Structure formats: structure tokens, C-alpha cells
Amino acid sequence: SFKMKLTSTVATLWLASHTMAFTPSSTLPANTPRTTTLSSTPTPETTTTQEPLLIRAAKGETVERTPVWMMRQAGRHIAEYRDLCKKYPTFRERSEIPEVAVEVSLQPWRNYQTDGCILFSDILTPLPGMGVEFDIGEKVGPVVEPMRCWDDIKKMHMIDPSTATPFVAEALRTLRSEVTPSTAVLGFIGCPYTLATYLIEGKTSKEYLEIKKMAFNEPKLLHAILSNLAESLGQYALFQIESGAQLIQIFDSWAGHLSARDYN
């Protein structure tokens, strides 16, 4: 497996050459970004390979230019997306109805011809499959019933992605058939800590006091939540790979609220 560091704490990109490739590489120190070797003149290898540019760069191969994609390509900056929101007003409709998710995923790719086409989804999408319901308000963002005691986490269970998120598989398979061979299809998941902030806080927070208090006052409870999330997220990532994702982008959006020592 291969890792491309995008930012210090926000997102990491994993190459998925097959379903067993989801084991992290430990060849680089935690804070060392991986650099991509660029070549001003394409080599025979780069011009004849059938693999998309983004995948070759993620492998650390010499590439003819820097691949271009954005972490959140789709959205309100696209007129077609705003029009689609009138028919499908909730985020979960747009991300969980396969044909709608495919259309939203393809809109920025059609407009900008980026080297990657990212599945339109959310890091919280697998939560119902773990026994945790959520909603996403257009203005307030994700809302979850807070989990702050041992009784709360008893409702969590291992995800069965094929049952809980079949729409993800359908969307990924369709995207692989819709984009050109030179375009990489990306899936994504959130890391356990970032998902735990939503479970424990109940919504987006400025300070994330509740999860920090749990870390100091009830570390075993927090680690139980993180462990449950990690097991299910691993299965969910493999499910995306098996469904057609060629790379997995991994978000740890709120890890920056911790010091490196606390995060480790």
C-alpha cells in the first residue's frame, strides 16, 4: 500500500491495488510528507501505462505532471448542483440515492476534467450501519444523539457494508464505467477520532470539550468507541475498494484540535 500526505492532519490518500492493500505503510515518519517525483518529459513508462496519472503518482512513480483533484470537488459552486438541490433538498438524499450521487460526483469532473473523480458521500454515511443514526442539516451540519456512557455504546455493532450501504457500491461501480480510463475513482472514509467527535459531541463543535473530557476522565470508554469505529471503518473501506474505488481518501478533520502527543 502507498500513502500520499495531503495536509498535516486533515486527509491522507491510500492506494488500493487490491483488497489486502489497506494496511498502512510505516516507511515514513508520521510528520514527513511524501513527495512526488516530476518529470518534464514523459517517459515511455508514463505514456504507455494504462493506469491513471493519480494512481501512478500515489505509487511514487515518476510522472509527467502533478495530478489535480480536490478533496471536496462537488458542491454549491456548480450551478447544476444548485439546481439538483431543488429536487433533492437533503444531503442524505443526494448522497444515498445512487443515481443522484453519481451525477453529483460527475459534475465537477465534467466541468474541470480533474484527474480524480471523488464519490459524493459523507464521512458519517456508514454510521447507521453501526447502529448510530444521524441527520445532516443544511445549516447546522451533522447531528447525532450524543454517546457519553457505557450504556450508549451498547447499541453500536459491526457494520455489514453490503447491507447498510449498497448505494455506495452501486455509485462506485457506475462511476468506474462513466469516467475515462485516465481518471481515478476515489472513495473515502473518516478516521475514528473525527467520527468519535460527532458521536460524543452530538454535532460540530468549536472546542470539542466533551471528547477531550472523556479522554482524560474516561479513557477506556473513549477507546472502546474508537475501537468499534476502527473495526467498522476498515470493513467499510475494503467494501469501497471491492466496489471499484481505486484510491481511498481518509479524513481526520478534527485531529488538529489535539496535540501530536495527545493524538498519538
# chains A, B, ... in the order shown; residues from 1 in each chain; ligands from 1
>>> residues_around(residues="Glu145 in chain A", least_positions_apart="4", cutoff="12 Å", atoms="only C-alpha atoms", output="tab-separated table (two decimals) with C-alpha atoms, in the first residue's frame")
chain	number	residue	atom	x	y	z
A	127	LEU	CA	-22.85	5.23	10.98
A	128	PRO	CA	-26.40	3.83	10.64
A	131	GLY	CA	-26.26	1.32	14.99
A	132	VAL	CA	-25.88	5.11	15.12
A	133	GLU	CA	-28.45	7.27	13.34
A	134	PHE	CA	-27.63	10.79	12.19
A	135	ASP	CA	-29.04	13.67	10.22
A	152	ASP	CA	-24.83	4.36	24.98
A	153	ILE	CA	-22.17	2.37	23.16
A	155	LYS	CA	-26.13	-0.03	20.64
A	196	ALA	CA	-15.96	9.93	17.55
A	197	THR	CA	-16.15	13.72	17.94
A	198	TYR	CA	-19.60	13.66	16.31
A	199	LEU	CA	-20.74	10.69	18.39
A	200	ILE	CA	-19.64	12.28	21.66
A	201	GLU	CA	-20.31	15.97	20.99
A	202	GLY	CA	-23.52	15.28	19.08
A	203	LYS	CA	-22.70	17.91	16.46
>>> select_by_dssp(residues="range 69-207 of chain A", states="helix (DSSP H, G or I)", output="PyMOL selection string")
chain A and resi 79-87+91-96+98-112+127-130+150-153+161-164+166-178+192-201
>>> closest_residue(among="A:Thr183, A:Thr204, A:Gln107, A:Thr62", to="Arg82 in chain A", atoms="only C-alpha atoms")
A:Gln107
>>> closest_atom_pairs(of="range 154-212 of chain A", to="range 117-125 of chain A", cutoff="12 Å", atoms="only C-alpha atoms", output="CSV")
residue,atom,partner,partner_atom,distance
A:Ile159,CA,A:Thr125,CA,11.4
A:Pro161,CA,A:Thr125,CA,10.4
A:Ala164,CA,A:Thr125,CA,9.2
A:Thr165,CA,A:Thr125,CA,7.9
A:Pro166,CA,A:Thr125,CA,11.3
A:Phe167,CA,A:Ser121,CA,10.2
A:Val168,CA,A:Ser121,CA,8.2
A:Ala169,CA,A:Leu119,CA,10.2
A:Glu170,CA,A:Leu119,CA,10.9
A:Ala171,CA,A:Leu119,CA,7.5
A:Leu172,CA,A:Leu119,CA,6.9
A:Arg173,CA,A:Leu119,CA,10.5
A:Thr174,CA,A:Leu119,CA,10.4
A:Leu175,CA,A:Cys117,CA,8.0
A:Arg176,CA,A:Cys117,CA,9.2
A:Ser177,CA,A:Cys117,CA,11.8
A:Glu178,CA,A:Cys117,CA,10.1
A:Val179,CA,A:Cys117,CA,7.8
A:Thr180,CA,A:Cys117,CA,10.0
A:Pro181,CA,A:Cys117,CA,11.4
A:Ser182,CA,A:Cys117,CA,10.6
A:Thr183,CA,A:Cys117,CA,6.8
A:Ala184,CA,A:Cys117,CA,6.2
A:Val185,CA,A:Cys117,CA,4.9
A:Leu186,CA,A:Ile118,CA,4.6
A:Gly187,CA,A:Leu119,CA,5.4
A:Phe188,CA,A:Ile123,CA,7.3
A:Ile189,CA,A:Ile123,CA,5.2
A:Gly190,CA,A:Ile123,CA,4.9
A:Cys191,CA,A:Ile123,CA,8.4
A:Pro192,CA,A:Ile123,CA,10.2
A:Tyr193,CA,A:Ile123,CA,11.7
A:Thr194,CA,A:Ile123,CA,9.0
A:Leu195,CA,A:Leu124,CA,7.0
A:Ala196,CA,A:Leu124,CA,10.2
A:Thr197,CA,A:Leu124,CA,11.2
A:Tyr198,CA,A:Leu124,CA,8.7
A:Leu199,CA,A:Leu124,CA,9.9
A:Lys203,CA,A:Leu124,CA,11.5
>>> closest_residue(among="A:Val102, A:Met214, A:Ile136, A:Met130", to="Tyr236 in chain A", atoms="only C-alpha atoms")
A:Met130
>>> atom_distance(atom1="CA of Leu53 in chain A", atom2="CA of Pro67 in chain A")
6.2 Å
>>> closest_residue(among="A:Leu233, A:Ala101, A:Leu209, A:Val140", to="His157 in chain A", atoms="only C-alpha atoms")
A:Leu233
>>> select_by_dssp(residues="range 162-239 of chain A", states="strand (DSSP E or B)", output="NGL selection string")
:A and (184-190 or 203)
>>> closest_residue(among="A:Glu231, A:Phe251, A:Ser105, A:Phe91", to="Lys139 in chain A", atoms="only C-alpha atoms")
A:Phe91
>>> atom_distance(atom1="CA of Ala245 in chain A", atom2="CA of Met70 in chain A")
16.1 Å
>>> atom_distance(atom1="CA of Phe239 in chain A", atom2="CA of Ser162 in chain A")
7.6 Å
